[in-house]
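Student: This is model09.cif, which holds mmCIF, C-alpha atoms and all ligand atoms:
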```cif
data_target
#
loop_
_atom_site.label_atom_id
_atom_site.label_comp_id
_atom_site.auth_asym_id
_atom_site.auth_seq_id
_atom_site.Cartn_x
_atom_site.Cartn_y
_atom_site.Cartn_z
CA LEU I 1213 -21.82 -62.41 52.57
CA LEU I 1214 -23.11 -65.79 53.70
CA SER I 1215 -22.61 -65.08 57.38
CA ARG I 1216 -24.22 -61.64 57.12
CA ASN I 1217 -27.12 -63.27 55.31
CA ALA I 1218 -27.53 -65.85 58.09
CA GLU I 1219 -27.71 -63.01 60.64
CA TRP I 1220 -30.30 -61.18 58.54
CA ALA I 1221 -32.44 -64.29 58.02
CA ALA I 1222 -32.33 -65.00 61.77
CA THR I 1223 -34.13 -61.70 62.48
CA LYS I 1224 -37.29 -63.33 61.03
CA ASP I 1225 -38.59 -59.95 60.02
CA PRO I 1226 -42.31 -60.54 59.31
CA THR I 1227 -42.30 -58.12 56.38
CA PHE I 1228 -40.02 -60.28 54.33
CA LEU I 1229 -40.94 -63.81 55.29
CA VAL I 1230 -43.01 -65.29 52.50
CA ASP I 1231 -45.69 -67.84 53.16
CA SER I 1232 -44.93 -70.87 50.99
CA SER I 1233 -48.52 -70.82 49.69
CA ASP I 1234 -48.12 -67.22 48.46
CA ARG I 1235 -46.46 -67.36 45.09
CA ASP I 1236 -47.09 -63.80 44.00
CA GLN I 1237 -44.90 -60.77 44.19
CA ARG I 1238 -46.63 -57.39 44.05
CA PRO I 1239 -44.04 -54.69 43.49
CA ARG I 1240 -45.40 -51.33 42.31
CA VAL I 1241 -42.06 -50.22 40.95
CA MET I 1242 -39.57 -51.47 38.40
CA TRP I 1243 -36.05 -50.07 38.64
CA ILE I 1244 -33.78 -50.01 35.58
CA GLY I 1245 -30.34 -49.01 36.77
CA CYS I 1246 -26.62 -49.35 36.26
CA SER I 1247 -24.68 -52.37 37.54
CA ASP I 1248 -22.47 -50.06 39.61
CA SER I 1249 -21.97 -51.50 43.12
CA ARG I 1250 -22.45 -48.08 44.69
CA VAL I 1251 -26.08 -47.77 43.61
CA PRO I 1252 -27.91 -50.68 45.27
CA GLU I 1253 -31.56 -49.77 44.71
CA SER I 1254 -33.03 -51.44 47.79
CA VAL I 1255 -30.43 -49.93 50.11
CA VAL I 1256 -30.56 -46.33 48.85
CA THR I 1257 -34.36 -46.28 48.91
CA ARG I 1258 -34.69 -48.16 52.22
CA SER I 1259 -36.88 -50.71 50.47
CA ARG I 1260 -38.10 -54.09 51.61
CA PRO I 1261 -38.01 -57.39 49.75
CA GLY I 1262 -40.96 -57.35 47.36
CA ASP I 1263 -40.89 -53.58 46.84
CA ILE I 1264 -38.85 -53.27 43.63
CA PHE I 1265 -38.58 -55.38 40.50
CA VAL I 1266 -35.08 -54.85 39.15
CA HIS I 1267 -33.11 -54.92 35.94
CA ARG I 1268 -29.56 -53.62 36.07
CA ASN I 1269 -26.94 -53.65 33.35
CA VAL I 1270 -23.84 -51.62 32.55
CA ALA I 1271 -25.11 -48.09 31.76
CA LYS I 1272 -28.78 -49.23 32.27
CA LEU I 1273 -29.44 -49.39 28.53
CA PHE I 1274 -32.88 -50.30 27.25
CA ASN I 1275 -32.90 -51.77 23.77
CA PRO I 1276 -36.12 -53.40 22.51
CA ASP I 1277 -34.06 -55.87 20.43
CA GLU I 1278 -32.24 -57.16 23.50
CA ASP I 1279 -34.09 -60.07 25.10
CA SER I 1280 -32.83 -59.77 28.65
CA VAL I 1281 -34.08 -56.25 29.34
CA MET I 1282 -37.16 -56.74 27.16
CA THR I 1283 -38.16 -59.87 29.10
CA ALA I 1284 -37.74 -58.04 32.41
CA VAL I 1285 -39.80 -55.05 31.25
CA THR I 1286 -42.58 -57.18 29.74
CA PHE I 1287 -42.71 -59.38 32.83
CA ALA I 1288 -42.86 -56.33 35.12
CA ILE I 1289 -45.63 -54.67 33.13
CA GLU I 1290 -47.78 -57.69 32.29
CA ASP I 1291 -47.13 -60.66 34.51
CA ILE I 1292 -46.58 -59.56 38.08
CA GLY I 1293 -48.56 -57.87 40.78
CA LEU I 1294 -52.06 -58.22 42.07
CA ASN I 1295 -54.16 -60.02 39.43
CA ASN I 1296 -51.21 -59.74 37.04
CA VAL I 1297 -51.66 -56.04 36.36
CA GLY I 1298 -48.00 -55.30 36.78
CA VAL I 1299 -46.03 -52.35 38.06
CA GLU I 1300 -47.28 -48.75 38.07
CA HIS I 1301 -43.91 -47.03 37.78
CA ILE I 1302 -40.70 -47.70 35.91
CA VAL I 1303 -37.77 -45.63 37.13
CA VAL I 1304 -34.70 -45.28 34.93
CA VAL I 1305 -31.88 -44.38 37.27
CA GLY I 1306 -28.53 -43.03 36.16
CA HIS I 1307 -25.76 -41.99 38.51
CA THR I 1308 -22.85 -39.58 38.73
CA ASN I 1309 -19.28 -40.88 38.26
CA CYS I 1310 -20.51 -43.59 35.87
CA GLY I 1311 -17.57 -45.55 34.45
CA ALA I 1312 -19.58 -46.56 31.38
CA ALA I 1313 -20.32 -42.91 30.58
CA SER I 1314 -16.63 -42.04 30.90
CA TYR I 1315 -15.74 -44.93 28.60
CA ALA I 1316 -18.33 -43.81 26.02
CA SER I 1317 -17.13 -40.19 26.19
CA ASP I 1318 -13.54 -41.29 25.66
CA ALA I 1319 -14.53 -43.62 22.82
CA ALA I 1320 -16.47 -40.83 21.09
CA GLU I 1321 -13.57 -38.43 21.49
CA ASN I 1322 -10.81 -40.77 20.47
CA PRO I 1323 -12.26 -43.74 18.52
CA SER I 1324 -8.87 -45.17 17.54
CA ALA I 1325 -7.92 -45.66 21.21
CA VAL I 1326 -10.64 -48.23 21.99
CA ASP I 1327 -10.47 -51.98 21.41
CA ARG I 1328 -13.49 -52.66 19.20
CA ARG I 1329 -13.42 -56.41 19.81
CA ARG I 1330 -14.43 -56.04 23.45
CA PRO I 1331 -18.06 -56.82 24.38
CA MET I 1332 -18.03 -53.51 26.25
CA TYR I 1333 -17.53 -51.66 22.98
CA ARG I 1334 -20.42 -53.49 21.30
CA TRP I 1335 -22.77 -53.15 24.28
CA LEU I 1336 -22.10 -49.43 24.73
CA GLN I 1337 -22.56 -48.56 21.04
CA PRO I 1338 -25.78 -46.56 21.63
CA LEU I 1339 -24.08 -44.63 24.44
CA ILE I 1340 -20.98 -43.94 22.34
CA ARG I 1341 -23.22 -42.65 19.55
CA LEU I 1342 -25.08 -40.45 22.04
CA ALA I 1343 -21.77 -39.17 23.43
CA GLY I 1344 -20.93 -37.90 19.95
CA THR I 1345 -23.97 -35.59 20.08
CA VAL I 1346 -23.32 -34.17 23.56
CA THR I 1347 -21.29 -31.02 24.17
CA GLY I 1348 -19.96 -29.13 27.17
CA LYS I 1349 -19.09 -31.18 30.22
CA ARG I 1350 -19.41 -34.30 28.15
CA THR I 1351 -19.53 -37.14 30.67
CA GLN I 1352 -21.89 -35.28 33.03
CA ASN I 1353 -24.22 -34.22 30.21
CA LEU I 1354 -24.06 -37.68 28.69
CA ILE I 1355 -25.31 -39.23 31.93
CA ILE I 1356 -28.42 -37.01 31.83
CA ALA I 1357 -28.93 -37.45 28.06
CA ASN I 1358 -28.69 -41.21 28.51
CA ILE I 1359 -31.43 -41.25 31.16
CA GLN I 1360 -33.64 -39.21 28.84
CA GLU I 1361 -32.93 -41.56 25.93
CA GLN I 1362 -33.84 -44.69 27.87
CA VAL I 1363 -37.09 -43.07 29.11
CA ASP I 1364 -37.95 -42.17 25.50
CA LYS I 1365 -37.15 -45.66 24.20
CA LEU I 1366 -39.25 -47.26 26.93
CA ALA I 1367 -42.15 -44.94 26.11
CA GLN I 1368 -42.03 -46.16 22.50
CA SER I 1369 -41.74 -49.84 23.36
CA GLU I 1370 -44.47 -52.40 22.74
CA PRO I 1371 -45.25 -53.47 26.31
CA VAL I 1372 -45.52 -49.85 27.46
CA ILE I 1373 -47.79 -48.87 24.57
CA ARG I 1374 -49.94 -51.95 25.26
CA ALA I 1375 -50.21 -50.93 28.92
CA TRP I 1376 -51.19 -47.38 28.00
CA ASP I 1377 -53.85 -48.77 25.65
CA ASN I 1378 -55.27 -50.98 28.38
CA PRO I 1379 -58.03 -49.21 30.36
CA ASN I 1380 -58.17 -52.09 32.85
CA ARG I 1381 -54.75 -51.63 34.35
CA PRO I 1382 -53.54 -48.87 36.70
CA ALA I 1383 -51.72 -46.00 35.02
CA LEU I 1384 -48.11 -46.70 34.12
CA GLN I 1385 -45.55 -43.92 34.51
CA ILE I 1386 -41.92 -43.82 33.41
CA HIS I 1387 -39.54 -41.60 35.34
CA GLY I 1388 -35.93 -40.47 34.94
CA TRP I 1389 -33.87 -40.10 38.11
CA LEU I 1390 -30.24 -39.29 38.83
CA TYR I 1391 -28.46 -40.73 41.86
CA GLU I 1392 -25.69 -38.53 43.23
CA LEU I 1393 -22.90 -40.57 44.73
CA SER I 1394 -21.53 -37.61 46.70
CA THR I 1395 -24.78 -36.98 48.60
CA GLY I 1396 -26.62 -40.30 48.38
CA LEU I 1397 -29.65 -38.42 47.05
CA LEU I 1398 -31.91 -39.37 44.17
CA ARG I 1399 -32.94 -36.44 42.00
CA ASP I 1400 -36.11 -36.53 39.91
CA LEU I 1401 -35.23 -35.10 36.49
CA GLU I 1402 -38.93 -34.30 35.91
CA ILE I 1403 -39.11 -36.02 32.55
CA THR I 1404 -41.95 -38.35 33.56
ZN ZN T 1 -22.76 -46.65 35.89
#
```
Rewrite the structure from the file as structure tokens, please.
Ligand SMILES: [Zn+2]
Tutor:
Amino acid sequence: LLSRNAEWAATKDPTFLVDSSDRDQRPRVMWIGCSDSRVPESVVTRSRPGDIFVHRNVAKLFNPDEDSVMTAVTFAIEDIGLNNVGVEHIVVVGHTNCGAASYASDAAENPSAVDRRRPMYRWLQPLIRLAGTVTGKRTQNLIIANIQEQVDKLAQSEPVIRAWDNPNRPALQIHGWLYELSTGLLRDLEIT
């Protein structure tokens, strides 16, 4: 990684070199995605440094009581960008073949088989609960239901409501997308 980084830095690409006097970042998009190594947001969207403000966690859960994701969302909406107006889009991105969704499906199906002392079990509680409400092809449907749920929770969160009440900032939109590992394509679920 270090040697590949040295090669990349040596290209001195003018679009990523930051003037030391310029302290601002101005991304228009925040990406909330899964930690999965196969869904690197900047790579799959051919983005440049500065394009995307990112929060990733296992299963890309948004919980307003959890400080890490809440800090990232509040910062993205209120404290970055030109004149601190923040991002204009938040994309919640799920993906096919998600290990966390499989785990949650299994835990919902067979609760006695999971070790409840593991942090994974605590963290994925909302997803396990959601898995209990999903029928049919459970893991696949859970992945979609989970994207929808995070979009809904974001739409009801304080920083988003504040942004929507603020006539002085650009419109803020929240989108739900699905990344398909087999094709490399992002699909808009049209739940904006
Ligand atoms: Zn995942």
Student: Out of I:Arg1328, I:His1307, I:Lys1272, I:Lys1365, which residue has the shortest atom-to-atom distance to Thr1351 of chain I when counting only C-alpha atoms?
Tutor: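 Counting only C-alpha atoms, the residue closest to Thr1351 of chain I is I:His1307.
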Student: Report as a tab-separated table the residues of chain I within 7 Å of ligand ZN 1 (chain T), each with its shortest atom pair and distance in Å (one decimal), using all atoms listed in the file, ordered by chain and increasing residue number.
Tutor:
```
residue	atom	partner	partner_atom	distance
I:Cys1246	CA	T:ZN1	ZN	4.7
I:Ser1247	CA	T:ZN1	ZN	6.3
I:Asp1248	CA	T:ZN1	ZN	5.1
I:Val1270	CA	T:ZN1	ZN	6.1
I:Ala1271	CA	T:ZN1	ZN	5.0
I:Gly1306	CA	T:ZN1	ZN	6.8
I:His1307	CA	T:ZN1	ZN	6.1
I:Cys1310	CA	T:ZN1	ZN	3.8
I:Gly1311	CA	T:ZN1	ZN	5.5
I:Ala1312	CA	T:ZN1	ZN	5.5
I:Ala1313	CA	T:ZN1	ZN	6.9
```
Student: Those residues you just picked out, can you put them in a file as a PDB file, in the frame of the given file with C-alpha atoms?
Tutor:
```
ATOM      1  CA  CYS I1246     -26.620 -49.350  36.260  1.00  0.00           C
ATOM      2  CA  SER I1247     -24.680 -52.370  37.540  1.00  0.00           C
ATOM      3  CA  ASP I1248     -22.470 -50.060  39.610  1.00  0.00           C
ATOM      4  CA  VAL I1270     -23.840 -51.620  32.550  1.00  0.00           C
ATOM      5  CA  ALA I1271     -25.110 -48.090  31.760  1.00  0.00           C
ATOM      6  CA  GLY I1306     -28.530 -43.030  36.160  1.00  0.00           C
ATOM      7  CA  HIS I1307     -25.760 -41.990  38.510  1.00  0.00           C
ATOM      8  CA  CYS I1310     -20.510 -43.590  35.870  1.00  0.00           C
ATOM      9  CA  GLY I1311     -17.570 -45.550  34.450  1.00  0.00           C
ATOM     10  CA  ALA I1312     -19.580 -46.560  31.380  1.00  0.00           C
ATOM     11  CA  ALA I1313     -20.320 -42.910  30.580  1.00  0.00           C
TER      12      ALA I1313
END
```
Student: Between atom CA of Gly1388 of chain I and atom CA of Val1304 of chain I, measure the distance and give it in Å to one decimal.
Tutor: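 That distance, rounded to one decimal, is 5.0 Å.
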Student: Please report the interatomic distance between atom CA of Phe1274 of chain I and atom CA of Glu1290 of chain I in Å with one decimal.
Tutor: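 So the answer is 17.4 Å.
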Student: Please measure the separation of atom CA of Leu1342 of chain I and atom CA of Leu1354 of chain I, giving the value in Å to one decimal.
Tutor: 7.3 Å
Student: Out of I:His1301, I:His1387, I:Arg1350, I:Arg1260, which residue has the shortest atom-to-atom distance to Val1241 of chain I when counting only C-alpha atoms?
Tutor: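 Comparing I:His1301, I:His1387, I:Arg1350, I:Arg1260 against Val1241 of chain I, the winner is I:His1301.
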Student: Taking all atoms listed in the file into account, which of I:Leu1336, I:Ala1316, I:Leu1398, I:Ala1375 comes nearest Glu1300 of chain I?
Tutor: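 Looking at the shortest contact to Glu1300 of chain I, the residue is I:Ala1375.
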Student: Nearest residue to Ser1280 of chain I out of I:Val1326, I:Val1266, I:Leu1339, I:Ala1320, using all atoms listed in the file?
Tutor: I:Val1266
Student: Would you list the contacts of Val1363 of chain I as a PDB file with C-alpha atoms, keeping the file's coordinate frame, taking every protein, DNA or RNA residue within 12 Å and counting all atoms listed in the file, but skipping same-chain residues closer than 6 positions in sequence?
Tutor:
```
ATOM      1  CA  TRP I1243     -36.050 -50.070  38.640  1.00  0.00           C
ATOM      2  CA  ILE I1244     -33.780 -50.010  35.580  1.00  0.00           C
ATOM      3  CA  GLY I1245     -30.340 -49.010  36.770  1.00  0.00           C
ATOM      4  CA  LYS I1272     -28.780 -49.230  32.270  1.00  0.00           C
ATOM      5  CA  LEU I1273     -29.440 -49.390  28.530  1.00  0.00           C
ATOM      6  CA  PHE I1274     -32.880 -50.300  27.250  1.00  0.00           C
ATOM      7  CA  ASN I1275     -32.900 -51.770  23.770  1.00  0.00           C
ATOM      8  CA  HIS I1301     -43.910 -47.030  37.780  1.00  0.00           C
ATOM      9  CA  ILE I1302     -40.700 -47.700  35.910  1.00  0.00           C
ATOM     10  CA  VAL I1303     -37.770 -45.630  37.130  1.00  0.00           C
ATOM     11  CA  VAL I1304     -34.700 -45.280  34.930  1.00  0.00           C
ATOM     12  CA  VAL I1305     -31.880 -44.380  37.270  1.00  0.00           C
ATOM     13  CA  GLY I1306     -28.530 -43.030  36.160  1.00  0.00           C
ATOM     14  CA  ILE I1356     -28.420 -37.010  31.830  1.00  0.00           C
ATOM     15  CA  ALA I1357     -28.930 -37.450  28.060  1.00  0.00           C
ATOM     16  CA  SER I1369     -41.740 -49.840  23.360  1.00  0.00           C
ATOM     17  CA  VAL I1372     -45.520 -49.850  27.460  1.00  0.00           C
ATOM     18  CA  GLN I1385     -45.550 -43.920  34.510  1.00  0.00           C
ATOM     19  CA  ILE I1386     -41.920 -43.820  33.410  1.00  0.00           C
ATOM     20  CA  HIS I1387     -39.540 -41.600  35.340  1.00  0.00           C
ATOM     21  CA  GLY I1388     -35.930 -40.470  34.940  1.00  0.00           C
ATOM     22  CA  TRP I1389     -33.870 -40.100  38.110  1.00  0.00           C
ATOM     23  CA  LEU I1401     -35.230 -35.100  36.490  1.00  0.00           C
ATOM     24  CA  GLU I1402     -38.930 -34.300  35.910  1.00  0.00           C
ATOM     25  CA  ILE I1403     -39.110 -36.020  32.550  1.00  0.00           C
ATOM     26  CA  THR I1404     -41.950 -38.350  33.560  1.00  0.00           C
TER      27      THR I1404
END
```
Student: Restricting the calculation to all atoms listed in the file: of I:Pro1323, I:Pro1252, I:Pro1371, I:Pro1276, which residue gets closest to Gly1344 of chain I?
Tutor: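 Ranked by minimum distance to Gly1344 of chain I, first place goes to I:Pro1323.
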Student: Would you kindly identify which residues have an atom no farther than 7 Å from (-42.6, -56.9, 34.4), using all atoms listed in the file and the file's own coordinates, and write them out as a PyMOL selection string?
Tutor: chain I and resi 1284-1292+1298-1299
Student: Which residue, I:Gln1337, I:Asn1322, I:Thr1347, I:Thr1308, has the smallest gap to Leu1390 of chain I when you use all atoms listed in the file?
Tutor: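 Ranking I:Gln1337, I:Asn1322, I:Thr1347, I:Thr1308 by distance to Leu1390 of chain I, first place goes to I:Thr1308.
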